[in-house]
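*Asks:* Next comes the structure file structure-v7.cif, holding mmCIF, C-alpha atoms; chains and numbers go by the auth columns.
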```cif
data_upload
loop_
_atom_site.group_PDB
_atom_site.id
_atom_site.type_symbol
_atom_site.label_atom_id
_atom_site.label_comp_id
_atom_site.label_asym_id
_atom_site.label_seq_id
_atom_site.Cartn_x
_atom_site.Cartn_y
_atom_site.Cartn_z
_atom_site.B_iso_or_equiv
_atom_site.auth_seq_id
_atom_site.auth_asym_id
ATOM 1 C CA ASP A 1 59.013 68.397 67.673 0.00 1 A
ATOM 2 C CA ASP A 2 58.982 64.716 68.367 0.00 2 A
ATOM 3 C CA LEU A 3 62.658 64.128 69.066 0.00 3 A
ATOM 4 C CA MET A 4 62.882 61.774 71.991 0.00 4 A
ATOM 5 C CA LEU A 5 66.353 62.874 72.974 0.00 5 A
ATOM 6 C CA HIS A 6 65.789 66.588 72.650 0.00 6 A
ATOM 7 C CA THR A 7 67.434 68.397 75.498 0.00 7 A
ATOM 8 C CA ASP A 8 65.142 71.408 75.893 0.00 8 A
ATOM 9 C CA ASP A 9 63.828 69.944 79.113 0.00 9 A
ATOM 10 C CA VAL A 10 67.313 69.290 80.490 0.00 10 A
ATOM 11 C CA PRO A 11 68.691 71.985 82.786 0.00 11 A
ATOM 12 C CA ILE A 12 71.604 73.838 81.234 0.00 12 A
ATOM 13 C CA ALA A 13 73.828 72.864 84.175 0.00 13 A
ATOM 14 C CA VAL A 14 73.225 69.190 83.383 0.00 14 A
ATOM 15 C CA VAL A 15 74.018 69.735 79.710 0.00 15 A
ATOM 16 C CA LYS A 16 77.242 71.515 80.693 0.00 16 A
ATOM 17 C CA LYS A 17 78.194 68.715 83.058 0.00 17 A
ATOM 18 C CA ARG A 18 77.582 66.104 80.368 0.00 18 A
ATOM 19 C CA GLN A 19 79.565 68.192 77.900 0.00 19 A
ATOM 20 C CA GLU A 20 82.507 68.169 80.338 0.00 20 A
ATOM 21 C CA VAL A 21 82.198 64.418 80.788 0.00 21 A
ATOM 22 C CA MET A 22 82.167 63.830 77.020 0.00 22 A
ATOM 23 C CA MET A 23 85.220 66.043 76.575 0.00 23 A
ATOM 24 C CA LYS A 24 87.013 64.189 79.375 0.00 24 A
ATOM 25 C CA LEU A 25 86.234 60.819 77.782 0.00 25 A
ATOM 26 C CA TRP A 26 87.283 62.076 74.356 0.00 26 A
ATOM 27 C CA LYS A 27 90.618 63.325 75.734 0.00 27 A
ATOM 28 C CA GLU A 28 91.312 60.026 77.494 0.00 28 A
ATOM 29 C CA VAL A 29 90.682 58.003 74.348 0.00 29 A
ATOM 30 C CA ASN A 30 92.423 60.467 72.030 0.00 30 A
ATOM 31 C CA GLY A 31 95.474 60.483 74.306 0.00 31 A
ATOM 32 C CA HIS A 32 95.753 56.691 74.312 0.00 32 A
ATOM 33 C CA ASP A 33 98.967 55.367 72.762 0.00 33 A
ATOM 34 C CA LYS A 34 96.997 53.357 70.197 0.00 34 A
ATOM 35 C CA ALA A 35 94.616 56.154 69.153 0.00 35 A
ATOM 36 C CA GLU A 36 96.736 57.507 66.291 0.00 36 A
ATOM 37 C CA PRO A 37 95.112 55.536 63.419 0.00 37 A
ATOM 38 C CA PHE A 38 91.637 56.665 64.528 0.00 38 A
ATOM 39 C CA LYS A 39 92.251 60.410 64.703 0.00 39 A
ATOM 40 C CA LYS A 40 91.827 61.366 61.054 0.00 40 A
ATOM 41 C CA PRO A 41 89.398 60.219 58.367 0.00 41 A
ATOM 42 C CA VAL A 42 90.454 57.213 56.293 0.00 42 A
ATOM 43 C CA THR A 43 91.538 58.471 52.871 0.00 43 A
ATOM 44 C CA LYS A 44 90.881 56.878 49.474 0.00 44 A
ATOM 45 C CA ARG A 45 94.627 56.539 49.136 0.00 45 A
ATOM 46 C CA GLU A 46 94.923 54.476 52.311 0.00 46 A
ATOM 47 C CA ALA A 47 91.927 52.285 51.518 0.00 47 A
ATOM 48 C CA PRO A 48 90.277 52.793 48.118 0.00 48 A
ATOM 49 C CA ASP A 49 87.179 50.745 48.946 0.00 49 A
ATOM 50 C CA TYR A 50 86.775 51.959 52.542 0.00 50 A
ATOM 51 C CA HIS A 51 83.800 54.192 51.839 0.00 51 A
ATOM 52 C CA THR A 52 81.962 51.502 49.901 0.00 52 A
ATOM 53 C CA VAL A 53 82.365 49.059 52.790 0.00 53 A
ATOM 54 C CA ILE A 54 81.818 51.537 55.630 0.00 54 A
ATOM 55 C CA LYS A 55 78.567 53.448 55.297 0.00 55 A
ATOM 56 C CA LYS A 56 79.100 56.024 58.043 0.00 56 A
ATOM 57 C CA ALA A 57 82.737 56.925 58.545 0.00 57 A
ATOM 58 C CA MET A 58 83.735 58.506 61.857 0.00 58 A
ATOM 59 C CA CYS A 59 87.043 59.517 63.418 0.00 59 A
ATOM 60 C CA LEU A 60 88.177 61.143 66.662 0.00 60 A
ATOM 61 C CA ASN A 61 88.643 64.511 64.944 0.00 61 A
ATOM 62 C CA ASP A 62 85.021 64.399 63.736 0.00 62 A
ATOM 63 C CA VAL A 63 83.806 63.763 67.268 0.00 63 A
ATOM 64 C CA LYS A 64 85.972 66.618 68.580 0.00 64 A
ATOM 65 C CA LYS A 65 84.482 69.012 66.002 0.00 65 A
ATOM 66 C CA LYS A 66 80.983 68.005 67.051 0.00 66 A
ATOM 67 C CA LEU A 67 81.912 68.450 70.726 0.00 67 A
ATOM 68 C CA ASP A 68 83.363 71.896 70.078 0.00 68 A
ATOM 69 C CA LYS A 69 80.189 72.969 68.270 0.00 69 A
ATOM 70 C CA ASN A 70 78.053 71.409 71.017 0.00 70 A
ATOM 71 C CA GLU A 71 76.297 69.275 68.409 0.00 71 A
ATOM 72 C CA TYR A 72 75.651 66.511 70.915 0.00 72 A
ATOM 73 C CA GLU A 73 73.608 68.930 73.038 0.00 73 A
ATOM 74 C CA GLY A 74 74.505 66.909 76.090 0.00 74 A
ATOM 75 C CA SER A 75 73.418 63.582 74.586 0.00 75 A
ATOM 76 C CA LEU A 76 75.746 60.924 75.961 0.00 76 A
ATOM 77 C CA LYS A 77 73.938 58.383 73.835 0.00 77 A
ATOM 78 C CA GLU A 78 74.838 60.128 70.573 0.00 78 A
ATOM 79 C CA PHE A 79 78.385 60.815 71.706 0.00 79 A
ATOM 80 C CA SER A 80 78.865 57.223 72.781 0.00 80 A
ATOM 81 C CA GLY A 81 77.385 56.052 69.483 0.00 81 A
ATOM 82 C CA ASP A 82 79.868 58.093 67.457 0.00 82 A
ATOM 83 C CA MET A 83 82.826 57.026 69.579 0.00 83 A
ATOM 84 C CA ASN A 84 81.901 53.366 69.337 0.00 84 A
ATOM 85 C CA LEU A 85 81.299 53.710 65.605 0.00 85 A
ATOM 86 C CA ILE A 86 84.971 54.623 65.107 0.00 86 A
ATOM 87 C CA PHE A 87 86.096 51.288 66.539 0.00 87 A
ATOM 88 C CA PHE A 88 83.186 49.298 65.145 0.00 88 A
ATOM 89 C CA ASN A 89 84.115 50.531 61.644 0.00 89 A
ATOM 90 C CA ALA A 90 87.764 49.614 62.122 0.00 90 A
ATOM 91 C CA MET A 91 86.816 46.152 63.360 0.00 91 A
ATOM 92 C CA SER A 92 84.394 45.674 60.461 0.00 92 A
ATOM 93 C CA TYR A 93 86.786 46.820 57.761 0.00 93 A
ATOM 94 C CA ASN A 94 89.957 45.184 59.044 0.00 94 A
ATOM 95 C CA GLN A 95 90.591 41.488 59.496 0.00 95 A
ATOM 96 C CA LYS A 96 90.333 40.043 62.956 0.00 96 A
ATOM 97 C CA GLY A 97 93.907 39.299 63.973 0.00 97 A
ATOM 98 C CA SER A 98 95.302 42.393 62.271 0.00 98 A
ATOM 99 C CA GLU A 99 97.064 44.971 64.402 0.00 99 A
ATOM 100 C CA ILE A 100 94.517 47.692 63.648 0.00 100 A
ATOM 101 C CA TRP A 101 91.644 45.349 64.594 0.00 101 A
ATOM 102 C CA ALA A 102 93.356 44.615 67.920 0.00 102 A
ATOM 103 C CA TRP A 103 93.959 48.329 68.588 0.00 103 A
ATOM 104 C CA ALA A 104 90.330 49.146 67.811 0.00 104 A
ATOM 105 C CA LYS A 105 89.159 46.377 70.140 0.00 105 A
ATOM 106 C CA GLU A 106 91.446 47.628 72.901 0.00 106 A
ATOM 107 C CA LEU A 107 90.224 51.212 72.561 0.00 107 A
ATOM 108 C CA LYS A 108 86.605 50.055 72.423 0.00 108 A
ATOM 109 C CA ASP A 109 87.176 48.299 75.766 0.00 109 A
ATOM 110 C CA VAL A 110 88.981 51.341 77.172 0.00 110 A
ATOM 111 C CA LEU A 111 86.012 53.491 76.163 0.00 111 A
ATOM 112 C CA LYS A 112 83.595 51.062 77.750 0.00 112 A
ATOM 113 C CA SER A 113 85.320 51.060 81.116 0.00 113 A
ATOM 114 C CA LEU A 114 85.788 54.851 81.013 0.00 114 A
ATOM 115 C CA GLU A 115 82.066 55.236 80.335 0.00 115 A
ATOM 116 C CA LYS A 116 81.235 52.969 83.258 0.00 116 A
ATOM 117 C CA SER A 117 83.387 54.920 85.698 0.00 117 A
ATOM 118 C CA THR A 118 82.584 58.382 84.330 0.00 118 A
ATOM 119 C CA TYR A 119 78.855 58.123 83.794 0.00 119 A
ATOM 120 C CA GLY A 120 78.622 57.330 87.483 0.00 120 A
ATOM 121 C CA GLU A 121 79.134 61.049 88.143 0.00 121 A
ATOM 122 C CA LEU A 122 75.912 61.845 86.327 0.00 122 A
ATOM 123 C CA THR A 123 72.272 61.629 87.216 0.00 123 A
ATOM 124 C CA PRO A 124 70.737 58.177 86.643 0.00 124 A
ATOM 125 C CA ASP A 125 68.488 59.201 83.740 0.00 125 A
ATOM 126 C CA THR A 126 71.527 60.030 81.632 0.00 126 A
ATOM 127 C CA VAL A 127 73.150 56.655 81.956 0.00 127 A
ATOM 128 C CA PRO A 128 72.660 53.839 79.459 0.00 128 A
ATOM 129 C CA THR A 129 71.455 50.878 81.482 0.00 129 A
ATOM 130 C CA PRO A 130 74.262 48.338 81.779 0.00 130 A
ATOM 131 C CA SER A 131 73.443 44.733 81.091 0.00 131 A
ATOM 132 C CA ARG A 132 72.677 42.838 84.262 0.00 132 A
ATOM 133 C CA VAL A 133 75.860 41.763 85.921 0.00 133 A
ATOM 134 C CA HIS A 134 76.000 39.532 88.969 0.00 134 A
ATOM 135 C CA PRO A 135 78.297 40.964 91.594 0.00 135 A
ATOM 136 C CA PRO A 136 81.094 38.566 92.502 0.00 136 A
ATOM 137 C CA GLY A 137 80.293 36.045 95.201 0.00 137 A
ATOM 138 C CA HIS A 138 76.554 36.197 94.739 0.00 138 A
ATOM 139 C CA ASP A 139 76.018 32.807 93.230 0.00 139 A
ATOM 140 C CA ALA A 140 78.456 31.035 95.535 0.00 140 A
ATOM 141 C CA GLY A 141 75.561 29.546 97.554 0.00 141 A
ATOM 142 C CA PRO A 142 75.165 29.673 101.313 0.00 142 A
ATOM 143 C CA PRO A 143 78.246 29.349 103.526 0.00 143 A
ATOM 144 C CA PRO A 144 79.005 25.771 104.622 0.00 144 A
ATOM 145 C CA ALA A 145 76.994 24.799 107.672 0.00 145 A
ATOM 146 C CA GLY A 146 78.603 23.929 111.006 0.00 146 A
ATOM 147 C CA GLY A 147 82.352 24.072 111.163 0.00 147 A
ATOM 148 C CA GLY A 148 82.492 26.617 113.996 0.00 148 A
ATOM 149 C CA GLY A 149 84.462 26.070 117.222 0.00 149 A
ATOM 150 C CA GLY A 150 82.553 24.090 119.800 0.00 150 A
ATOM 151 C CA GLY A 151 82.468 21.622 122.660 0.00 151 A
ATOM 152 C CA ARG A 152 85.684 19.788 123.385 0.00 152 A
#
```
Kindly transcribe the structure held in the file into structure tokens.
*Replies:*
Amino acid sequence: DDLMLHTDDVPIAVVKKRQEVMMKLWKEVNGHDKAEPFKKPVTKREAPDYHTVIKKAMCLNDVKKKLDKNEYEGSLKEFSGDMNLIFFNAMSYNQKGSEIWAWAKELKDVLKSLEKSTYGELTPDTVPTPSRVHPPGHDAGPPPAGGGGGGR
């Protein structure tokens, strides 16, 4: 039993909370006005070579099924991986500059900012570490010296 992300040691309340968060994220993305093309699996009819190009197909309905069956077992990392895979696949298969590529990119960004704001509700050990970002105004240097009011 060597699974690093096994959730046996995670309290059930935490798993439930994460499950709620994943469902909330899924609903936000699925309800987006550009989500339509990503809801159902790509068919051979739509794109005959899709499954030769894309090794692991994923769509929003697949993620929902896994959520409903609790297959993520509270793993935000797996959930996030599947969600990002949907848009990564679309951006790999479709030409940059195509409408579907642009929609996938937009939803990928939407997902990213939703994750940032939503994962904040969870305990720190559940959150993927964000890349180091400098808060605004930190590299502006010291304030200019002098320049206060003074003797007349």
*Asks:* Evaluate the PyMOL selection byres ((chain A and resi 36) around 12) against this structure - the residues, as a PyMOL selection string, please.
*Replies:* chain A and resi 29-35+37-42+59-61+100+103-104+107
*Asks:* Might you pull out every residue within 9 Å of stretch 21-25 of chain A, with all atoms listed in the file counted and same-chain residues fewer than 4 positions away left off, and present them as a short mmCIF file (atom, residue, chain, number, x, y, z; two decimals) with C-alpha atoms, in the coordinates of the input?
*Replies:*
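Here's the written file part23.cif:
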```cif
data_model
loop_
_atom_site.label_atom_id
_atom_site.label_comp_id
_atom_site.auth_asym_id
_atom_site.auth_seq_id
_atom_site.Cartn_x
_atom_site.Cartn_y
_atom_site.Cartn_z
CA LYS A 16 77.24 71.52 80.69
CA LYS A 17 78.19 68.72 83.06
CA VAL A 29 90.68 58.00 74.35
CA ASN A 30 92.42 60.47 72.03
CA LYS A 64 85.97 66.62 68.58
CA LEU A 67 81.91 68.45 70.73
CA ASP A 68 83.36 71.90 70.08
CA GLY A 74 74.50 66.91 76.09
CA LEU A 76 75.75 60.92 75.96
CA PHE A 79 78.39 60.82 71.71
CA SER A 80 78.86 57.22 72.78
CA LEU A 111 86.01 53.49 76.16
CA LEU A 114 85.79 54.85 81.01
CA GLU A 115 82.07 55.24 80.33
CA THR A 118 82.58 58.38 84.33
CA TYR A 119 78.86 58.12 83.79
CA GLU A 121 79.13 61.05 88.14
CA LEU A 122 75.91 61.84 86.33
#
```
*Asks:* Report, in Å to a single decimal, how far apart atom CA of A:Lys55 and atom CA of A:Asp82 are.
*Replies:*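 Here the two named atoms are 13.1 Å from each other.
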*Asks:* To one decimal place in Å, what is the distance between atom CA of A:Tyr50 and atom CA of A:Lys105?
*Replies:*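 It comes out at 18.6 Å.
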*Asks:* So how far away is atom CA of A:Val15 from atom CA of A:Lys116, in Å?
*Replies:*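 Taking atom CA of A:Lys116 and atom CA of A:Val15, their separation equals 18.6 Å.
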*Asks:* For A:Glu20, which of A:Asn89, A:Asn84, A:Asn70, A:Asn94 is the closest residue, counting all atoms listed in the file?
*Replies:*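 Ranked by minimum distance to A:Glu20, first place goes to A:Asn70.
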*Asks:* Could you check which of A:Phe87, A:Tyr72, A:Ser113, A:Val53 is closest to A:Trp101, using all atoms listed in the file?
*Replies:*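 Smallest separation from A:Trp101 among the options: A:Phe87.
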*Asks:* Out of A:Ala13, A:Met83, A:Ala90, A:Val63, which residue has the shortest atom-to-atom distance to A:His51 when counting all atoms listed in the file?
*Replies:*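 Nearest to A:His51: A:Ala90.
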*Asks:* As JSON, what would the box around stretch 35-54 of chain A look like: edges along x, y and z, 5 Å added on every side, centre and edge lengths in Å to one decimal?
*Replies:*
```
{"center_x": 89.3, "center_y": 55.2, "center_z": 58.6, "size_x": 24.9, "size_y": 22.3, "size_z": 31.0}
```
*Asks:* Rank nothing, just name the residue among A:Ala102, A:Val110, A:Ala57, A:Ile86 nearest to A:Thr43, using all atoms listed in the file.
*Replies:*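 That would be A:Ala57, the residue with the smallest distance to A:Thr43.
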